[in-house]
Amino acid sequence: MRLTLHTDYALRLLMHLAVTPGRLVTITEVAEAFAISRNHLVKVAHELGKAGFVETMRGRGGGLRLARPPEKIVIGDVVRAMEEDFRIVECFDREANTCCIAPACRLKRLLRDALDAWASVLDEATLADLAAKPAPLRRLLALTA
């Protein structure tokens with residue numbers, strides 16, 4: 001499996017917010033901390049807001065914060081909300097499938113089981129699990145107090 005950069009940035013943004021509770025965080029602050037594209041992060045933050053993971057406050061003094069406690073944000077839910085699809089092979093898309101062996105192929109079932117197992121592991125973890133020991137993350141992100 002491979003996650004898109006969009007999902008990678010979403011998870012990083014959420015971890016940043018989880019280790020900075022009680023205050024609004026700007027997109028610029030997160031972009032600089034991770035040395036990633038601010039423009040891309042704006043889109044990510046918008047999607048996270050639409051999905052109900054973050055609250056966005058506009059204007060002077062605005063920023064982002066978690067919309068719910070980190071223990072209520074399941075990583076599998078975040079990944080499913082951010083990824084466009086999970087068609088890891090052509091035959092997962094009925095309309096676009098042109099594989100001539102699809103009716104007899106057992107690979108599709110194996111890959112489906114692997115994808116389900118992967119998603120199951122992500123569903124066992126919450127944002128609180130990822131931020132359980134915030135000190136190292138805060139240090140690496142150059143966060144004070």
# chains A, B, ... in the order shown; residues from 1 in each chain; ligands from 1
$ residues_around --residues "stretch 41-49 of chain A" --least-positions-apart "6" --cutoff "12 Å" --atoms "only C-alpha atoms" --output "PyMOL selection string"
chain A and resi 4-14+17+25-35+55-58+63-68+73+77-84
$ residues_around --residues "A:Leu137" --least-positions-apart "6" --cutoff "10 Å" --atoms "only C-alpha atoms" --output "MDAnalysis selection string"
chainID A and resid 15:16 19 130:131 143
$ write_last_selection --atoms "N, CA, C and O atoms" --output "PDB file, in the first residue's frame"
ATOM      1  N   MET A  15      -1.130  15.065  13.905  1.00  0.00           N
ATOM      2  CA  MET A  15      -0.184  14.798  14.994  1.00  0.00           C
ATOM      3  C   MET A  15       0.321  16.105  15.592  1.00  0.00           C
ATOM      4  O   MET A  15       0.455  16.233  16.811  1.00  0.00           O
ATOM      5  N   HIS A  16       0.602  17.086  14.729  1.00  0.00           N
ATOM      6  CA  HIS A  16       1.042  18.396  15.215  1.00  0.00           C
ATOM      7  C   HIS A  16      -0.022  19.001  16.134  1.00  0.00           C
ATOM      8  O   HIS A  16       0.289  19.484  17.223  1.00  0.00           O
ATOM      9  N   VAL A  19      -0.203  17.329  19.601  1.00  0.00           N
ATOM     10  CA  VAL A  19       0.855  17.635  20.583  1.00  0.00           C
ATOM     11  C   VAL A  19       0.892  19.114  20.953  1.00  0.00           C
ATOM     12  O   VAL A  19       1.761  19.539  21.700  1.00  0.00           O
ATOM     13  N   LEU A 130      -0.799   7.934  18.560  1.00  0.00           N
ATOM     14  CA  LEU A 130       0.341   8.505  17.838  1.00  0.00           C
ATOM     15  C   LEU A 130       1.005   9.641  18.609  1.00  0.00           C
ATOM     16  O   LEU A 130       2.184   9.918  18.408  1.00  0.00           O
ATOM     17  N   ALA A 131       0.244  10.273  19.479  1.00  0.00           N
ATOM     18  CA  ALA A 131       0.775  11.407  20.242  1.00  0.00           C
ATOM     19  C   ALA A 131       0.946  11.070  21.723  1.00  0.00           C
ATOM     20  O   ALA A 131       1.063  11.960  22.553  1.00  0.00           O
ATOM     21  N   LEU A 143       8.813  22.802  18.974  1.00  0.00           N
ATOM     22  CA  LEU A 143       7.718  23.418  19.713  1.00  0.00           C
ATOM     23  C   LEU A 143       8.168  23.673  21.132  1.00  0.00           C
ATOM     24  O   LEU A 143       8.770  22.813  21.765  1.00  0.00           O
TER      25      LEU A 143
END
$ closest_residue --among "A:Thr20, A:Pro136, A:Cys91, A:Leu122" --to "A:Arg109" --atoms "only C-alpha atoms"
A:Cys91
$ closest_residue --among "A:Cys105, A:Pro70, A:Arg60, A:Met1" --to "A:Ala117" --atoms "only C-alpha atoms"
A:Met1
$ closest_residue --among "A:Leu111, A:Ala18, A:Ala132, A:Leu140" --to "A:Glu90" --atoms "only C-alpha atoms"
A:Leu111
$ decode --residues "stretch 39-89 of chain A" --atoms "N, CA and C atoms" --output "mmCIF file, in the first residue's frame"
data_model
loop_
_atom_site.group_PDB
_atom_site.id
_atom_site.type_symbol
_atom_site.label_atom_id
_atom_site.label_comp_id
_atom_site.auth_asym_id
_atom_site.auth_seq_id
_atom_site.Cartn_x
_atom_site.Cartn_y
_atom_site.Cartn_z
ATOM 1 N N ASN A 39 0.766 25.621 0.470
ATOM 2 C CA ASN A 39 -0.401 25.571 -0.410
ATOM 3 C C ASN A 39 -1.079 24.207 -0.363
ATOM 4 N N HIS A 40 -0.278 23.157 -0.386
ATOM 5 C CA HIS A 40 -0.845 21.804 -0.307
ATOM 6 C C HIS A 40 -1.507 21.607 1.056
ATOM 7 N N LEU A 41 -0.876 22.109 2.107
ATOM 8 C CA LEU A 41 -1.397 21.953 3.460
ATOM 9 C C LEU A 41 -2.730 22.690 3.640
ATOM 10 N N VAL A 42 -2.924 23.796 2.942
ATOM 11 C CA VAL A 42 -4.202 24.508 2.987
ATOM 12 C C VAL A 42 -5.318 23.587 2.497
ATOM 13 N N LYS A 43 -5.074 22.887 1.400
ATOM 14 C CA LYS A 43 -6.068 21.957 0.849
ATOM 15 C C LYS A 43 -6.329 20.810 1.810
ATOM 16 N N VAL A 44 -5.261 20.300 2.416
ATOM 17 C CA VAL A 44 -5.388 19.209 3.379
ATOM 18 C C VAL A 44 -6.225 19.650 4.574
ATOM 19 N N ALA A 45 -5.926 20.826 5.112
ATOM 20 C CA ALA A 45 -6.667 21.346 6.264
ATOM 21 C C ALA A 45 -8.146 21.524 5.922
ATOM 22 N N HIS A 46 -8.411 21.987 4.722
ATOM 23 C CA HIS A 46 -9.802 22.158 4.284
ATOM 24 C C HIS A 46 -10.530 20.815 4.283
ATOM 25 N N GLU A 47 -9.899 19.794 3.723
ATOM 26 C CA GLU A 47 -10.507 18.458 3.682
ATOM 27 C C GLU A 47 -10.696 17.886 5.080
ATOM 28 N N LEU A 48 -9.710 18.078 5.949
ATOM 29 C CA LEU A 48 -9.838 17.602 7.333
ATOM 30 C C LEU A 48 -10.983 18.317 8.043
ATOM 31 N N GLY A 49 -11.170 19.585 7.728
ATOM 32 C CA GLY A 49 -12.285 20.335 8.303
ATOM 33 C C GLY A 49 -13.622 19.811 7.806
ATOM 34 N N LYS A 50 -13.727 19.578 6.501
ATOM 35 C CA LYS A 50 -14.967 19.050 5.933
ATOM 36 C C LYS A 50 -15.300 17.675 6.506
ATOM 37 N N ALA A 51 -14.261 16.891 6.812
ATOM 38 C CA ALA A 51 -14.464 15.543 7.344
ATOM 39 C C ALA A 51 -14.709 15.541 8.856
ATOM 40 N N GLY A 52 -14.600 16.711 9.490
ATOM 41 C CA GLY A 52 -14.895 16.806 10.907
ATOM 42 C C GLY A 52 -13.748 16.464 11.849
ATOM 43 N N PHE A 53 -12.519 16.455 11.337
ATOM 44 C CA PHE A 53 -11.367 16.150 12.190
ATOM 45 C C PHE A 53 -10.750 17.408 12.799
ATOM 46 N N VAL A 54 -10.838 18.534 12.091
ATOM 47 C CA VAL A 54 -10.285 19.781 12.617
ATOM 48 C C VAL A 54 -11.322 20.897 12.512
ATOM 49 N N GLU A 55 -11.139 21.884 13.380
ATOM 50 C CA GLU A 55 -11.917 23.116 13.312
ATOM 51 C C GLU A 55 -10.989 24.186 12.782
ATOM 52 N N THR A 56 -11.505 25.007 11.895
ATOM 53 C CA THR A 56 -10.704 26.088 11.333
ATOM 54 C C THR A 56 -11.307 27.416 11.742
ATOM 55 N N MET A 57 -10.458 28.308 12.203
ATOM 56 C CA MET A 57 -10.869 29.656 12.568
ATOM 57 C C MET A 57 -10.173 30.609 11.600
ATOM 58 N N ARG A 58 -10.950 31.405 10.912
ATOM 59 C CA ARG A 58 -10.389 32.336 9.932
ATOM 60 C C ARG A 58 -10.046 33.666 10.569
ATOM 61 N N GLY A 59 -9.275 34.432 9.821
ATOM 62 C CA GLY A 59 -8.975 35.802 10.214
ATOM 63 C C GLY A 59 -7.789 35.921 11.154
ATOM 64 N N ARG A 60 -7.572 37.144 11.554
ATOM 65 C CA ARG A 60 -6.462 37.446 12.456
ATOM 66 C C ARG A 60 -6.634 36.652 13.754
ATOM 67 N N GLY A 61 -5.579 36.000 14.181
ATOM 68 C CA GLY A 61 -5.648 35.186 15.387
ATOM 69 C C GLY A 61 -6.289 33.832 15.144
ATOM 70 N N GLY A 62 -6.540 33.503 13.890
ATOM 71 C CA GLY A 62 -7.170 32.230 13.553
ATOM 72 C C GLY A 62 -6.172 31.093 13.507
ATOM 73 N N GLY A 63 -6.652 29.959 13.121
ATOM 74 C CA GLY A 63 -5.798 28.792 13.018
ATOM 75 C C GLY A 63 -6.621 27.520 13.058
ATOM 76 N N LEU A 64 -5.960 26.446 13.422
ATOM 77 C CA LEU A 64 -6.584 25.129 13.444
ATOM 78 C C LEU A 64 -6.470 24.515 14.826
ATOM 79 N N ARG A 65 -7.430 23.643 15.121
ATOM 80 C CA ARG A 65 -7.348 22.810 16.312
ATOM 81 C C ARG A 65 -8.171 21.555 16.043
ATOM 82 N N LEU A 66 -7.953 20.548 16.851
ATOM 83 C CA LEU A 66 -8.710 19.316 16.687
ATOM 84 C C LEU A 66 -10.186 19.571 16.975
ATOM 85 N N ALA A 67 -11.048 18.962 16.193
ATOM 86 C CA ALA A 67 -12.488 19.121 16.374
ATOM 87 C C ALA A 67 -13.024 18.186 17.456
ATOM 88 N N ARG A 68 -12.239 17.192 17.812
ATOM 89 C CA ARG A 68 -12.626 16.261 18.872
ATOM 90 C C ARG A 68 -11.384 15.742 19.558
ATOM 91 N N PRO A 69 -11.534 15.111 20.697
ATOM 92 C CA PRO A 69 -10.355 14.614 21.412
ATOM 93 C C PRO A 69 -9.571 13.606 20.560
ATOM 94 N N PRO A 70 -8.247 13.581 20.706
ATOM 95 C CA PRO A 70 -7.422 12.675 19.891
ATOM 96 C C PRO A 70 -7.806 11.203 20.026
ATOM 97 N N GLU A 71 -8.320 10.817 21.185
ATOM 98 C CA GLU A 71 -8.710 9.416 21.354
ATOM 99 C C GLU A 71 -9.981 9.065 20.590
ATOM 100 N N LYS A 72 -10.656 10.067 20.051
ATOM 101 C CA LYS A 72 -11.864 9.853 19.249
ATOM 102 C C LYS A 72 -11.587 9.939 17.743
ATOM 103 N N ILE A 73 -10.326 10.150 17.374
ATOM 104 C CA ILE A 73 -9.960 10.228 15.955
ATOM 105 C C ILE A 73 -9.230 8.936 15.586
ATOM 106 N N VAL A 74 -9.916 8.086 14.852
ATOM 107 C CA VAL A 74 -9.381 6.789 14.442
ATOM 108 C C VAL A 74 -8.575 6.974 13.157
ATOM 109 N N ILE A 75 -7.363 6.462 13.160
ATOM 110 C CA ILE A 75 -6.461 6.647 12.018
ATOM 111 C C ILE A 75 -7.052 6.060 10.737
ATOM 112 N N GLY A 76 -7.695 4.915 10.822
ATOM 113 C CA GLY A 76 -8.336 4.333 9.641
ATOM 114 C C GLY A 76 -9.384 5.258 9.045
ATOM 115 N N ASP A 77 -10.135 5.951 9.895
ATOM 116 C CA ASP A 77 -11.146 6.902 9.404
ATOM 117 C C ASP A 77 -10.493 8.063 8.669
ATOM 118 N N VAL A 78 -9.365 8.541 9.205
ATOM 119 C CA VAL A 78 -8.649 9.642 8.557
ATOM 120 C C VAL A 78 -8.155 9.200 7.183
ATOM 121 N N VAL A 79 -7.540 8.036 7.116
ATOM 122 C CA VAL A 79 -7.001 7.545 5.840
ATOM 123 C C VAL A 79 -8.120 7.360 4.829
ATOM 124 N N ARG A 80 -9.230 6.764 5.231
ATOM 125 C CA ARG A 80 -10.347 6.584 4.299
ATOM 126 C C ARG A 80 -10.915 7.923 3.832
ATOM 127 N N ALA A 81 -10.942 8.921 4.715
ATOM 128 C CA ALA A 81 -11.472 10.237 4.337
ATOM 129 C C ALA A 81 -10.544 10.976 3.377
ATOM 130 N N MET A 82 -9.255 10.757 3.483
ATOM 131 C CA MET A 82 -8.292 11.513 2.684
ATOM 132 C C MET A 82 -7.951 10.847 1.346
ATOM 133 N N GLU A 83 -7.989 9.533 1.301
ATOM 134 C CA GLU A 83 -7.639 8.833 0.065
ATOM 135 C C GLU A 83 -8.812 8.855 -0.915
ATOM 136 N N GLU A 84 -8.503 8.994 -2.188
ATOM 137 C CA GLU A 84 -9.553 8.997 -3.209
ATOM 138 C C GLU A 84 -10.169 7.624 -3.385
ATOM 139 N N ASP A 85 -9.341 6.611 -3.420
ATOM 140 C CA ASP A 85 -9.841 5.251 -3.599
ATOM 141 C C ASP A 85 -8.777 4.240 -3.168
ATOM 142 N N PHE A 86 -9.192 3.011 -3.120
ATOM 143 C CA PHE A 86 -8.273 1.928 -2.743
ATOM 144 C C PHE A 86 -8.243 0.861 -3.838
ATOM 145 N N ARG A 87 -8.327 1.315 -5.077
ATOM 146 C CA ARG A 87 -8.220 0.388 -6.208
ATOM 147 C C ARG A 87 -6.742 0.142 -6.468
ATOM 148 N N ILE A 88 -6.178 -0.808 -5.737
ATOM 149 C CA ILE A 88 -4.736 -1.032 -5.836
ATOM 150 C C ILE A 88 -4.350 -1.811 -7.080
ATOM 151 N N VAL A 89 -5.328 -2.448 -7.704
ATOM 152 C CA VAL A 89 -5.101 -3.109 -8.996
ATOM 153 C C VAL A 89 -6.301 -2.821 -9.896
#
